[in-house]
$ cat model19.cif   # mmCIF, C-alpha atoms and all ligand atoms
data_coords
#
loop_
_atom_site.label_atom_id
_atom_site.label_comp_id
_atom_site.auth_asym_id
_atom_site.auth_seq_id
_atom_site.Cartn_x
_atom_site.Cartn_y
_atom_site.Cartn_z
CA MET A 1 0.00 0.00 0.00
CA ILE A 2 1.65 3.20 -1.16
CA LYS A 3 1.18 6.25 1.04
CA LYS A 4 0.52 9.67 -0.40
CA GLN A 5 2.96 11.31 2.08
CA ASP A 6 5.80 9.07 0.84
CA VAL A 7 5.05 10.02 -2.75
CA LEU A 8 5.03 13.71 -1.86
CA ARG A 9 8.33 13.32 -0.01
CA ALA A 10 9.87 11.70 -3.07
CA LEU A 11 8.54 14.42 -5.34
CA GLU A 12 10.15 17.03 -3.09
CA SER A 13 13.47 15.83 -4.39
CA ILE A 14 12.83 16.94 -7.99
CA THR A 15 12.40 20.27 -9.66
CA LEU A 16 10.68 21.19 -12.92
CA ALA A 17 12.96 22.62 -15.60
CA GLY A 18 13.19 26.38 -15.21
CA GLU A 19 11.85 26.47 -11.64
CA GLY A 20 13.91 27.14 -8.52
CA GLN A 21 11.82 25.27 -5.96
CA ASN A 22 11.01 21.57 -5.86
CA MET A 23 7.76 20.60 -7.62
CA VAL A 24 5.78 20.25 -4.40
CA ALA A 25 6.84 23.61 -2.97
CA SER A 26 6.31 25.39 -6.30
CA GLY A 27 2.71 24.17 -6.44
CA ALA A 28 3.31 22.19 -9.64
CA VAL A 29 2.05 19.03 -7.93
CA GLN A 30 -1.68 19.60 -7.88
CA ASN A 31 -2.80 16.29 -6.53
CA VAL A 32 -1.56 12.84 -5.62
CA VAL A 33 -3.88 9.87 -5.47
CA SER A 34 -2.88 6.38 -4.46
CA PHE A 35 -4.76 3.09 -4.44
CA ALA A 36 -2.77 -0.03 -3.52
CA ASN A 37 0.31 0.19 -5.75
CA GLU A 38 -1.26 2.60 -8.22
CA VAL A 39 -0.23 6.25 -8.02
CA ILE A 40 -1.68 9.14 -9.99
CA VAL A 41 0.18 12.45 -9.95
CA ASP A 42 -1.43 15.58 -11.37
CA LEU A 43 1.08 18.20 -12.45
CA LYS A 44 0.47 21.75 -13.54
CA MET A 45 3.02 23.32 -15.88
CA SER A 46 3.25 26.68 -17.52
CA THR A 47 5.12 25.49 -20.57
CA PRO A 48 3.54 23.41 -23.31
CA ALA A 49 6.99 22.22 -24.59
CA MET A 50 6.70 18.47 -25.20
CA HIS A 51 10.26 17.60 -24.19
CA ILE A 52 9.88 19.34 -20.83
CA LYS A 53 6.58 17.52 -20.20
CA LYS A 54 8.16 14.18 -21.13
CA ARG A 55 11.13 14.84 -18.89
CA ALA A 56 8.89 15.78 -15.94
CA GLU A 57 6.87 12.61 -16.43
CA ALA A 58 9.97 10.42 -16.57
CA ASP A 59 11.46 12.10 -13.47
CA VAL A 60 8.27 11.58 -11.47
CA ILE A 61 8.02 7.90 -12.39
CA LYS A 62 11.70 7.32 -11.66
CA VAL A 63 11.75 9.01 -8.26
CA ILE A 64 8.60 7.19 -7.10
CA LYS A 65 9.94 3.81 -8.19
CA GLU A 66 13.31 4.51 -6.57
CA GLN A 67 12.21 6.11 -3.33
CA VAL A 68 8.74 4.69 -2.66
CA SER A 69 8.24 1.34 -4.32
CA PRO A 70 9.73 -0.39 -7.36
CA ASP A 71 6.29 -1.94 -8.02
CA ALA A 72 4.51 1.38 -8.20
CA GLU A 73 2.33 1.83 -11.26
CA VAL A 74 2.57 5.53 -11.87
CA THR A 75 0.34 7.68 -14.06
CA VAL A 76 1.31 11.31 -14.55
CA ASN A 77 -1.35 13.75 -15.76
CA ILE A 78 0.11 17.01 -16.96
CA LYS A 79 -2.02 20.07 -17.34
CA VAL A 80 -0.70 23.14 -19.09
CA GLU A 81 -2.38 26.33 -17.91
CA ALA A 82 -4.30 27.22 -21.05
CA PRO A 83 -5.53 30.68 -22.01
CA ALA A 84 -9.25 31.21 -21.46
CA LYS A 85 -11.59 30.22 -24.26
CA PRO A 86 -14.20 32.73 -25.43
CA GLN A 87 -17.66 32.05 -24.06
CA ASN A 88 -20.78 31.42 -26.10
CA PRO A 89 -22.83 34.59 -25.41
CA ASN A 90 -26.13 32.70 -25.84
CA LEU A 91 -25.45 30.36 -22.96
CA ILE A 92 -27.71 30.41 -19.96
CA LYS A 93 -25.44 31.10 -17.02
CA GLY A 94 -26.34 32.05 -13.50
CA LYS A 95 -24.52 34.08 -10.91
CA PRO A 96 -21.89 32.28 -8.87
CA ILE A 97 -22.51 31.92 -5.15
CA PRO A 98 -19.45 33.02 -3.22
CA GLY A 99 -17.88 30.17 -1.25
CA ILE A 100 -19.52 27.37 -3.26
CA LYS A 101 -17.00 25.60 -5.43
CA ASN A 102 -19.03 23.02 -7.32
CA ILE A 103 -22.74 22.80 -7.93
CA ILE A 104 -23.95 19.41 -9.08
CA ALA A 105 -27.50 18.90 -10.26
CA VAL A 106 -28.90 15.40 -9.75
CA ALA A 107 -31.62 14.70 -12.28
CA SER A 108 -33.58 11.70 -13.42
CA GLY A 109 -36.11 12.15 -16.15
CA LYS A 110 -38.49 9.56 -14.74
CA GLY A 111 -39.84 9.86 -11.18
CA GLY A 112 -39.20 7.32 -8.46
CA VAL A 113 -35.94 5.95 -9.85
CA GLY A 114 -34.06 6.88 -6.68
CA LYS A 115 -32.71 10.33 -7.48
CA SER A 116 -33.15 11.58 -3.91
CA THR A 117 -31.70 8.37 -2.48
CA ILE A 118 -28.63 8.72 -4.68
CA THR A 119 -28.31 12.44 -3.79
CA ALA A 120 -28.49 11.70 -0.06
CA ASN A 121 -25.94 8.90 -0.25
CA LEU A 122 -23.60 10.87 -2.51
CA ALA A 123 -23.73 13.70 0.03
CA VAL A 124 -22.87 11.59 3.07
CA THR A 125 -20.13 9.79 1.14
CA LEU A 126 -18.60 13.10 0.06
CA SER A 127 -18.79 14.29 3.65
CA ASN A 128 -17.11 11.08 4.88
CA MET A 129 -14.37 11.74 2.34
CA GLY A 130 -13.75 15.08 4.01
CA PHE A 131 -15.56 17.44 1.63
CA LYS A 132 -17.86 20.23 2.76
CA VAL A 133 -21.27 19.38 1.35
CA GLY A 134 -24.72 20.90 1.08
CA ILE A 135 -27.95 19.68 -0.49
CA LEU A 136 -30.53 21.96 -1.99
CA ASP A 137 -33.70 19.92 -2.27
CA ALA A 138 -35.46 21.50 -5.22
CA ASP A 139 -37.96 18.70 -5.74
CA ILE A 140 -41.05 20.85 -5.45
CA TYR A 141 -43.37 17.89 -6.13
CA GLY A 142 -42.06 15.61 -3.41
CA PRO A 143 -39.23 17.00 -1.32
CA SER A 144 -37.88 13.91 0.39
CA ILE A 145 -34.43 15.03 1.56
CA PRO A 146 -35.63 16.28 5.01
CA LEU A 147 -37.02 12.79 5.68
CA MET A 148 -33.89 11.05 4.42
CA PHE A 149 -31.76 13.19 6.76
CA ASP A 150 -34.18 12.91 9.68
CA VAL A 151 -34.65 16.67 9.88
CA PHE A 152 -38.25 16.97 8.68
CA ASN A 153 -39.40 18.55 11.95
CA GLU A 154 -36.73 21.24 11.84
CA ARG A 155 -37.17 24.76 10.57
CA PRO A 156 -34.19 26.85 9.43
CA LEU A 157 -33.33 29.74 11.72
CA SER A 158 -32.54 33.23 10.58
CA VAL A 159 -29.01 34.48 11.11
CA ASN A 160 -27.43 37.84 10.52
CA VAL A 161 -24.68 37.86 7.91
CA ASP A 162 -23.07 41.24 7.20
CA GLY A 163 -26.22 43.06 8.27
CA LYS A 164 -28.56 40.86 6.20
CA SER A 165 -30.92 38.20 7.49
CA LYS A 166 -30.16 34.82 6.01
CA MET A 167 -31.56 31.33 6.43
CA LYS A 168 -29.26 28.89 8.16
CA PRO A 169 -29.32 25.45 6.53
CA ILE A 170 -30.11 22.53 8.84
CA GLU A 171 -27.11 20.29 9.32
CA ASN A 172 -27.05 16.55 9.94
CA TYR A 173 -24.38 13.89 9.28
CA GLY A 174 -22.03 16.68 8.21
CA VAL A 175 -24.35 17.78 5.38
CA LYS A 176 -26.10 21.15 5.23
CA VAL A 177 -29.64 20.87 3.97
CA LEU A 178 -32.24 23.32 2.72
CA SER A 179 -35.45 22.04 1.25
CA ILE A 180 -38.58 23.47 -0.15
CA GLY A 181 -40.17 20.88 2.18
CA PHE A 182 -39.21 22.94 5.27
CA PHE A 183 -41.72 25.56 4.21
CA THR A 184 -44.71 23.38 3.42
CA LYS A 185 -46.94 21.47 5.81
CA PRO A 186 -46.46 17.70 5.61
CA ASN A 187 -50.09 16.90 4.77
CA GLN A 188 -50.63 19.73 2.39
CA ALA A 189 -50.30 19.33 -1.35
CA VAL A 190 -48.68 22.48 -2.61
CA ILE A 191 -49.48 23.60 -6.08
CA TRP A 192 -46.57 25.69 -7.23
CA ARG A 193 -46.79 27.83 -10.26
CA GLY A 194 -43.49 27.89 -12.12
CA PRO A 195 -42.56 31.48 -11.18
CA MET A 196 -43.54 30.98 -7.50
CA ALA A 197 -41.44 27.87 -7.19
CA ALA A 198 -38.54 29.57 -8.94
CA LYS A 199 -38.73 32.50 -6.52
CA ALA A 200 -38.81 30.21 -3.49
CA LEU A 201 -35.81 28.29 -4.81
CA ASN A 202 -33.91 31.48 -5.46
CA GLN A 203 -34.36 32.39 -1.80
CA LEU A 204 -33.07 29.01 -0.70
CA ILE A 205 -30.01 29.60 -2.86
CA PHE A 206 -29.17 33.25 -2.38
CA ASP A 207 -30.80 34.21 0.92
CA ALA A 208 -29.15 31.35 2.76
CA ASP A 209 -25.96 31.21 4.76
CA TRP A 210 -24.38 28.19 3.04
CA GLY A 211 -20.86 29.15 4.07
CA GLU A 212 -17.98 27.39 2.34
CA LEU A 213 -18.95 24.30 0.35
CA ASP A 214 -16.89 22.04 -1.88
CA PHE A 215 -20.07 20.56 -3.33
CA MET A 216 -23.65 21.69 -3.42
CA LEU A 217 -25.90 18.91 -4.68
CA ILE A 218 -29.26 19.89 -6.09
CA ASP A 219 -32.00 17.30 -5.96
CA LEU A 220 -34.05 18.35 -8.98
CA PRO A 221 -37.67 17.40 -9.53
CA PRO A 222 -38.16 14.53 -11.98
CA GLY A 223 -38.69 15.44 -15.61
CA THR A 224 -37.44 18.33 -17.70
CA GLY A 225 -39.48 21.40 -16.93
CA ASP A 226 -39.62 25.04 -15.90
CA ILE A 227 -37.92 24.47 -12.60
CA HIS A 228 -34.92 22.92 -14.28
CA LEU A 229 -34.60 25.87 -16.57
CA SER A 230 -34.95 28.44 -13.85
CA ILE A 231 -32.35 26.70 -11.69
CA MET A 232 -29.93 26.64 -14.59
CA GLN A 233 -30.58 30.33 -15.10
CA SER A 234 -30.07 31.13 -11.43
CA LEU A 235 -26.97 29.07 -10.83
CA PRO A 236 -23.77 28.24 -12.66
CA ILE A 237 -24.19 24.47 -12.52
CA THR A 238 -20.82 22.74 -12.66
CA GLY A 239 -22.32 19.54 -13.99
CA ALA A 240 -25.22 17.16 -13.87
CA VAL A 241 -25.52 13.57 -12.70
CA VAL A 242 -28.37 11.62 -14.26
CA VAL A 243 -29.91 8.72 -12.36
CA SER A 244 -31.77 5.93 -14.14
CA THR A 245 -32.86 2.38 -13.54
CA PRO A 246 -32.10 -0.17 -16.29
CA GLN A 247 -35.75 -0.21 -17.31
CA THR A 248 -36.64 0.91 -20.82
CA VAL A 249 -39.18 3.53 -19.74
CA ALA A 250 -36.69 5.07 -17.30
CA LEU A 251 -33.92 5.05 -19.90
CA ALA A 252 -36.06 6.89 -22.42
CA ASP A 253 -36.64 9.66 -19.87
CA ALA A 254 -32.99 9.70 -18.80
CA ARG A 255 -32.09 10.26 -22.44
CA LYS A 256 -34.39 13.29 -22.49
CA GLY A 257 -32.78 14.53 -19.28
CA VAL A 258 -29.32 14.32 -20.83
CA ALA A 259 -30.59 16.07 -23.97
CA MET A 260 -31.93 18.93 -21.85
CA PHE A 261 -28.53 19.59 -20.27
CA GLN A 262 -26.79 19.33 -23.62
CA GLN A 263 -29.12 21.70 -25.43
CA GLU A 264 -27.23 24.39 -27.27
CA ASN A 265 -28.36 27.29 -25.09
CA ILE A 266 -27.94 25.38 -21.83
CA GLN A 267 -24.74 23.33 -22.15
CA VAL A 268 -24.42 22.02 -18.64
CA PRO A 269 -21.81 19.25 -18.81
CA VAL A 270 -23.22 15.84 -17.92
CA LEU A 271 -20.73 14.31 -15.48
CA GLY A 272 -22.24 10.86 -15.89
CA ILE A 273 -25.05 8.39 -15.43
CA VAL A 274 -25.71 6.31 -12.31
CA GLU A 275 -27.58 3.04 -12.66
CA ASN A 276 -29.81 2.64 -9.62
CA MET A 277 -31.67 -0.58 -8.82
CA ALA A 278 -29.23 -2.25 -11.22
CA TYR A 279 -30.24 -5.62 -9.80
CA PHE A 280 -32.02 -6.94 -6.74
CA THR A 281 -29.98 -8.75 -4.16
CA PRO A 282 -31.36 -10.24 -0.94
CA GLU A 283 -29.41 -9.37 2.19
CA GLU A 284 -28.91 -13.05 3.16
CA LEU A 285 -27.73 -14.10 -0.34
CA PRO A 286 -25.53 -11.20 -1.46
CA ASP A 287 -24.08 -13.16 -4.38
CA ASN A 288 -27.49 -13.71 -5.95
CA LYS A 289 -28.35 -11.02 -8.42
CA TYR A 290 -31.76 -10.71 -10.05
CA TYR A 291 -31.99 -8.28 -12.93
CA ILE A 292 -35.62 -7.43 -12.43
CA PHE A 293 -35.54 -4.17 -14.38
CA GLY A 294 -33.26 -5.51 -17.13
CA GLN A 295 -29.49 -5.68 -17.24
CA SER A 296 -26.99 -2.85 -17.78
CA GLY A 297 -29.51 -0.55 -19.48
CA ALA A 298 -28.06 2.66 -18.01
CA ARG A 299 -24.51 1.50 -18.67
CA ASN A 300 -25.42 0.91 -22.32
CA LEU A 301 -27.15 4.28 -22.50
CA SER A 302 -24.03 6.03 -21.23
CA GLU A 303 -21.97 4.28 -23.91
CA ASP A 304 -24.50 5.20 -26.53
CA LEU A 305 -24.50 8.88 -25.52
CA ASP A 306 -20.75 8.90 -24.90
CA ILE A 307 -21.17 10.00 -21.30
CA PRO A 308 -19.21 8.55 -18.37
CA PHE A 309 -20.81 5.68 -16.47
CA LEU A 310 -20.46 6.46 -12.78
CA GLY A 311 -21.44 3.07 -11.40
CA GLU A 312 -24.32 0.88 -10.29
CA ILE A 313 -26.25 0.63 -7.05
CA PRO A 314 -28.27 -2.52 -6.36
CA LEU A 315 -31.85 -2.65 -5.20
CA VAL A 316 -31.50 -3.64 -1.56
CA GLN A 317 -34.10 -3.54 1.14
CA SER A 318 -31.74 -1.81 3.57
CA ILE A 319 -31.33 1.17 1.21
CA ARG A 320 -35.08 1.76 1.34
CA GLU A 321 -35.18 1.20 5.11
CA ALA A 322 -32.22 3.48 5.74
CA GLY A 323 -33.86 6.20 3.63
CA ASP A 324 -37.12 5.86 5.54
CA VAL A 325 -35.51 6.14 8.97
CA GLY A 326 -33.44 9.13 7.89
CA ARG A 327 -29.99 7.61 7.99
CA PRO A 328 -28.63 7.13 4.44
CA ALA A 329 -27.31 3.61 3.84
CA ALA A 330 -23.82 4.81 2.87
CA MET A 331 -23.25 5.99 6.45
CA GLN A 332 -22.64 2.44 7.51
CA THR A 333 -19.13 2.24 6.14
CA GLY A 334 -17.20 -0.88 5.25
CA THR A 335 -20.22 -2.60 3.69
CA PRO A 336 -20.59 -3.64 0.03
CA LEU A 337 -23.24 -0.95 -0.27
CA SER A 338 -21.10 1.87 1.09
CA GLU A 339 -18.35 0.69 -1.27
CA ALA A 340 -20.74 0.92 -4.20
CA PHE A 341 -21.64 4.47 -3.18
CA GLU A 342 -17.95 5.29 -2.73
CA GLU A 343 -17.23 4.17 -6.26
CA VAL A 344 -20.02 6.29 -7.72
CA THR A 345 -18.90 9.27 -5.63
CA ARG A 346 -15.24 8.84 -6.56
CA ASN A 347 -16.16 8.75 -10.23
CA ALA A 348 -18.35 11.83 -9.87
CA VAL A 349 -15.50 13.73 -8.17
CA GLU A 350 -13.09 12.62 -10.86
CA GLN A 351 -15.43 13.79 -13.62
CA THR A 352 -15.91 17.11 -11.82
CA VAL A 353 -12.16 17.64 -11.64
CA ARG A 354 -11.83 16.78 -15.33
CA ARG A 355 -14.64 19.05 -16.30
CA ASN A 356 -13.16 21.94 -14.33
CA GLU A 357 -9.80 21.46 -15.96
CA SER A 358 -11.22 21.60 -19.46
CA LEU A 359 -13.07 24.87 -18.99
CA PRO A 360 -11.59 28.36 -18.69
CA PRO A 361 -10.59 29.42 -15.18
CA THR A 362 -13.17 32.21 -14.91
CA GLU A 363 -15.98 29.75 -15.27
CA ALA A 364 -14.40 26.68 -13.82
CA ILE A 365 -14.34 26.36 -10.10
CA LYS A 366 -11.31 24.30 -9.38
CA ILE A 367 -10.98 21.65 -6.75
CA THR A 368 -7.70 22.48 -5.13
CA THR A 369 -7.78 21.55 -1.50
CA MET A 370 -9.26 18.13 -1.81
CA ALA A 371 -7.55 14.89 -2.30
CA GLY A 372 -9.91 13.83 -5.09
CA CYS A 373 -10.38 10.13 -5.31
CA SER A 374 -7.95 9.18 -2.58
CA ALA A 375 -10.11 11.20 -0.23
CA VAL A 376 -12.06 8.05 0.49
CA LYS A 377 -9.34 7.24 2.96
CA LYS A 378 -9.74 10.71 4.53
N1 LIG B 1 -31.20 1.12 -4.63
C1 LIG B 1 -32.34 1.10 -3.93
N2 LIG B 1 -32.70 0.01 -3.20
C2 LIG B 1 -33.85 -0.02 -2.50
N3 LIG B 1 -34.73 0.97 -2.47
C3 LIG B 1 -34.43 2.10 -3.18
C4 LIG B 1 -33.23 2.21 -3.93
N4 LIG B 1 -33.22 3.44 -4.50
C5 LIG B 1 -34.35 4.05 -4.12
N5 LIG B 1 -35.09 3.25 -3.33
C6 LIG B 1 -36.40 3.54 -2.74
O1 LIG B 1 -37.30 3.88 -3.80
C7 LIG B 1 -38.16 4.92 -3.44
C8 LIG B 1 -38.00 6.09 -4.41
O2 LIG B 1 -36.71 6.63 -4.25
P1 LIG B 1 -36.43 8.18 -4.29
O3 LIG B 1 -37.42 8.95 -3.49
O4 LIG B 1 -35.00 8.37 -3.99
O5 LIG B 1 -36.70 8.43 -5.85
P2 LIG B 1 -36.78 9.80 -6.65
O6 LIG B 1 -36.36 9.48 -8.03
O7 LIG B 1 -36.07 10.88 -5.93
O8 LIG B 1 -38.32 10.07 -6.59
P3 LIG B 1 -39.11 11.42 -7.00
O9 LIG B 1 -39.60 11.14 -8.35
O10 LIG B 1 -40.20 11.48 -5.98
O11 LIG B 1 -38.19 12.56 -6.90
C9 LIG B 1 -37.80 5.28 -2.01
O12 LIG B 1 -38.68 4.61 -1.14
C10 LIG B 1 -36.39 4.75 -1.83
O13 LIG B 1 -36.12 4.38 -0.50
#

$ encode --input "model19.cif" --output "C-alpha cells" --more "lines below"
Ligand SMILES: Nc1ncnc2c1ncn2[C@@H]1O[C@H](COP(=O)(O)OP(=O)(O)OP(=O)(O)O)[C@@H](O)[C@H]1O
Amino acid sequence: MIKKQDVLRALESITLAGEGQNMVASGAVQNVVSFANEVIVDLKMSTPAMHIKKRAEADVIKVIKEQVSPDAEVTVNIKVEAPAKPQNPNLIKGKPIPGIKNIIAVASGKGGVGKSTITANLAVTLSNMGFKVGILDADIYGPSIPLMFDVFNERPLSVNVDGKSKMKPIENYGVKVLSIGFFTKPNQAVIWRGPMAAKALNQLIFDADWGELDFMLIDLPPGTGDIHLSIMQSLPITGAVVVSTPQTVALADARKGVAMFQQENIQVPVLGIVENMAYFTPEELPDNKYYIFGQSGARNLSEDLDIPFLGEIPLVQSIREAGDVGRPAAMQTGTPLSEAFEEVTRNAVEQTVRRNESLPPTEAIKITTMAGCSAVKK
C-alpha cells in the first residue's frame, strides 16, 4: 500500500525545468492519489513544450519507483495552464454563489428511480471523504431530503450575515440541507406555479448562509421542466448527474434529461449516469443477483451517448429502510453498499475535476484543497 505522504516526499526531491523550488513547494504538484500500488500524480506546468513535459513525467516515475516502491504503477497527468476560451454569449449562465466551489445537479427524467436516495448517499459519502457538502432539495413535487436526513421537523433559523438576514441550513451527518419541504406542511399538497417555485428556490439559494462548500448537490424534480430551466438560469451548474434504472421507460426519460442539459443554449456538462436498482440482491444471499428491471440498461445508455458511467447501485431492502428512517445507507461504512456508493462518488468527483480542468478558469471552479479520489481514505 503506497502512502501519499511518501510520494510527496519523493517528489520534493525533484524540480521542474526552469523552476527554482522543488515541484511540491512550487505548487506544480496539484494532486496525488494512491490506491494499492497505483499512483496518480497531477502536475500543472506553464510550458507546453513536449520535451519538458516528457522529462517531468519520466522524473516523477523514476523518483517514485526509486524512493517509494519499485512496483509502483505511476500515471502522470500534466495540465498546461491554457488561455481562457471565449464564451458562447447565448449560454444560460447564472450568478456564482461566493464560497460554493461546485454545484452538481442530480436529475432523473423519470420519477421514483431513486434520485433523492442517490443524492443523499452521494452527500454523506462526500462528507465522509472530508468534503464540505450541502444539499438543496429542489424537488417541489415531493421534497424527500428532510425525511432522508431525519430533519423533517426542523425549521431553518434566521441568522445575521453582514447586516442581512439569512436562512441557516439545517445540518445533519455533516451535510447542510435546505429544502422546499421545510416551508410546506407535511399533509398539504402544494401547487406551485413555475414562477412561484422559482422565486422560493432562489431564496433558498441566495438568501441562505451556506458558508464554504466544496459541493452543493441539487435534488431536482423529476422530468425536464420550468424548474430545471430556472435553476440553470439562477446558478452556474458545474455539472449534472443523471440517475436511471435499467428499465426501458426510465432510460427513455434519462435520455431526455441528458438532452436537456446538452441543449445548445444550456450546455451544462453531464458528469455521468448512475444506474440505480441495477439488480435486486437479498441481504442473506448477497451473491445472488436478479436483474428485475433488465441488465446494464443505463450503462449501455451512457456508452450510446458517450457519457461517463459512474457506477451501479443494487436494489437492496436496507437502502429503502435506511432512507425511511433518515440515515442514508452509505453511512454504515465498510459494507458492500457503502463501497458501491464510494465508487459512484469517486467517479463523480473525478469527472468534476476533469470538467473543471477543461473549462476556462473564470468559469471553472477548481478543486484544489481536496484529495480527489484518494479522499475516500480521509
Ligand atoms: N437502490 C435502492 N434500493 C432499494 N430501495 C431504493 C433504492 N433506491 C431508491 N429506493 C427507494 O425507492 C423509493 C423512491 O426513491 P427516491 O425517493 O429516492 O426516488 P426519486 O427518483 O427521488 O423520486 P421522485 O420522483 O419522488 O423525486 C424510495 O422509497 C427509496 O427508499

$ residues_around --input "model19.cif" --residues "Lys54 in chain A" --least-positions-apart "5" --cutoff "12 Å" --atoms "only C-alpha atoms" --output "MDAnalysis selection string"
chainID A and resid 16:17 43 45 47:49 59:61 76:78

$ residues_near_point --input "model19.cif" --point "(-35.1, -5.5, -16.9)" --cutoff "12 Å" --atoms "only C-alpha atoms" --output "VMD selection string"
chain A and resid 245 to 251 277 to 280 290 to 298

$ closest_residue --input "model19.cif" --among "A:Leu122, A:Ile237, A:Met167, A:Leu305" --to "ligand LIG 1 (chain B)" --atoms "all atoms listed in the file"
A:Leu122

$ closest_atom_pairs --input "model19.cif" --of "chain A" --to "ligand LIG 1 (chain B)" --cutoff "6 Å" --atoms "only C-alpha atoms and all ligand atoms" --output "Markdown table"
| residue | atom | partner | partner_atom | distance |
| --- | --- | --- | --- | --- |
| A:Gly111 | CA | B:LIG1 | O9 | 3.1 |
| A:Gly112 | CA | B:LIG1 | O8 | 3.4 |
| A:Val113 | CA | B:LIG1 | O6 | 4.0 |
| A:Gly114 | CA | B:LIG1 | O5 | 3.2 |
| A:Lys115 | CA | B:LIG1 | O7 | 3.7 |
| A:Ser116 | CA | B:LIG1 | O7 | 3.6 |
| A:Thr117 | CA | B:LIG1 | O4 | 3.6 |
| A:Gly142 | CA | B:LIG1 | O10 | 5.2 |
| A:Pro221 | CA | B:LIG1 | O11 | 5.5 |
| A:Pro222 | CA | B:LIG1 | O9 | 5.2 |
| A:Asn276 | CA | B:LIG1 | N1 | 5.4 |
| A:Met277 | CA | B:LIG1 | N1 | 4.5 |
| A:Ile313 | CA | B:LIG1 | N1 | 5.5 |
| A:Pro314 | CA | B:LIG1 | N1 | 5.0 |
| A:Leu315 | CA | B:LIG1 | N2 | 3.4 |
| A:Val316 | CA | B:LIG1 | N2 | 4.2 |
| A:Gln317 | CA | B:LIG1 | C2 | 5.1 |
| A:Ile319 | CA | B:LIG1 | C2 | 4.6 |
| A:Arg320 | CA | B:LIG1 | O13 | 3.4 |
| A:Gly323 | CA | B:LIG1 | O13 | 5.0 |

$ write_last_selection --input "model19.cif" --atoms "C-alpha atoms" --output "PDB file, in the coordinates of the input"
ATOM      1  CA  GLY A 111     -39.840   9.860 -11.180  1.00  0.00           C
ATOM      2  CA  GLY A 112     -39.200   7.320  -8.460  1.00  0.00           C
ATOM      3  CA  VAL A 113     -35.940   5.950  -9.850  1.00  0.00           C
ATOM      4  CA  GLY A 114     -34.060   6.880  -6.680  1.00  0.00           C
ATOM      5  CA  LYS A 115     -32.710  10.330  -7.480  1.00  0.00           C
ATOM      6  CA  SER A 116     -33.150  11.580  -3.910  1.00  0.00           C
ATOM      7  CA  THR A 117     -31.700   8.370  -2.480  1.00  0.00           C
ATOM      8  CA  GLY A 142     -42.060  15.610  -3.410  1.00  0.00           C
ATOM      9  CA  PRO A 221     -37.670  17.400  -9.530  1.00  0.00           C
ATOM     10  CA  PRO A 222     -38.160  14.530 -11.980  1.00  0.00           C
ATOM     11  CA  ASN A 276     -29.810   2.640  -9.620  1.00  0.00           C
ATOM     12  CA  MET A 277     -31.670  -0.580  -8.820  1.00  0.00           C
ATOM     13  CA  ILE A 313     -26.250   0.630  -7.050  1.00  0.00           C
ATOM     14  CA  PRO A 314     -28.270  -2.520  -6.360  1.00  0.00           C
ATOM     15  CA  LEU A 315     -31.850  -2.650  -5.200  1.00  0.00           C
ATOM     16  CA  VAL A 316     -31.500  -3.640  -1.560  1.00  0.00           C
ATOM     17  CA  GLN A 317     -34.100  -3.540   1.140  1.00  0.00           C
ATOM     18  CA  ILE A 319     -31.330   1.170   1.210  1.00  0.00           C
ATOM     19  CA  ARG A 320     -35.080   1.760   1.340  1.00  0.00           C
ATOM     20  CA  GLY A 323     -33.860   6.200   3.630  1.00  0.00           C
TER      21      GLY A 323
END

$ atom_distance --input "model19.cif" --atom1 "CA of Val29 in chain A" --atom2 "CA of Asn347 in chain A"
21.0 Å

$ atom_distance --input "model19.cif" --atom1 "CA of Leu235 in chain A" --atom2 "CA of Val151 in chain A"
25.3 Å

$ atom_distance --input "model19.cif" --atom1 "CA of Asp253 in chain A" --atom2 "CA of Gly272 in chain A"
15.0 Å

$ closest_residue --input "model19.cif" --among "A:Ala240, A:Val274, A:Val33, A:Leu217" --to "Gln262 in chain A" --atoms "all atoms listed in the file"
A:Ala240

$ build_atoms --input "model19.cif" --residues "range 256-266 of chain A" --atoms "N, CA and C atoms" --output "mmCIF file, keeping the file's coordinate frame"
data_model
loop_
_atom_site.group_PDB
_atom_site.id
_atom_site.type_symbol
_atom_site.label_atom_id
_atom_site.label_comp_id
_atom_site.auth_asym_id
_atom_site.auth_seq_id
_atom_site.Cartn_x
_atom_site.Cartn_y
_atom_site.Cartn_z
ATOM 1 N N LYS A 256 -33.849 11.931 -22.343
ATOM 2 C CA LYS A 256 -34.390 13.290 -22.490
ATOM 3 C C LYS A 256 -33.712 14.238 -21.494
ATOM 4 N N GLY A 257 -33.451 13.713 -20.296
ATOM 5 C CA GLY A 257 -32.780 14.530 -19.280
ATOM 6 C C GLY A 257 -31.402 14.960 -19.762
ATOM 7 N N VAL A 258 -30.669 14.013 -20.322
ATOM 8 C CA VAL A 258 -29.320 14.320 -20.830
ATOM 9 C C VAL A 258 -29.428 15.356 -21.950
ATOM 10 N N ALA A 259 -30.423 15.160 -22.838
ATOM 11 C CA ALA A 259 -30.590 16.070 -23.970
ATOM 12 C C ALA A 259 -30.873 17.487 -23.473
ATOM 13 N N MET A 260 -31.635 17.594 -22.384
ATOM 14 C CA MET A 260 -31.930 18.930 -21.850
ATOM 15 C C MET A 260 -30.638 19.650 -21.447
ATOM 16 N N PHE A 261 -29.771 18.947 -20.718
ATOM 17 C CA PHE A 261 -28.530 19.590 -20.270
ATOM 18 C C PHE A 261 -27.621 19.936 -21.447
ATOM 19 N N GLN A 262 -27.719 19.122 -22.496
ATOM 20 C CA GLN A 262 -26.790 19.330 -23.620
ATOM 21 C C GLN A 262 -27.335 20.290 -24.665
ATOM 22 N N GLN A 263 -28.542 20.781 -24.457
ATOM 23 C CA GLN A 263 -29.120 21.700 -25.430
ATOM 24 C C GLN A 263 -28.183 22.881 -25.677
ATOM 25 N N GLU A 264 -28.244 23.406 -26.879
ATOM 26 C CA GLU A 264 -27.230 24.390 -27.270
ATOM 27 C C GLU A 264 -27.190 25.621 -26.354
ATOM 28 N N ASN A 265 -28.370 26.082 -25.922
ATOM 29 C CA ASN A 265 -28.360 27.290 -25.090
ATOM 30 C C ASN A 265 -28.328 26.967 -23.592
ATOM 31 N N ILE A 266 -28.073 25.743 -23.252
ATOM 32 C CA ILE A 266 -27.940 25.380 -21.830
ATOM 33 C C ILE A 266 -26.509 24.895 -21.558
#
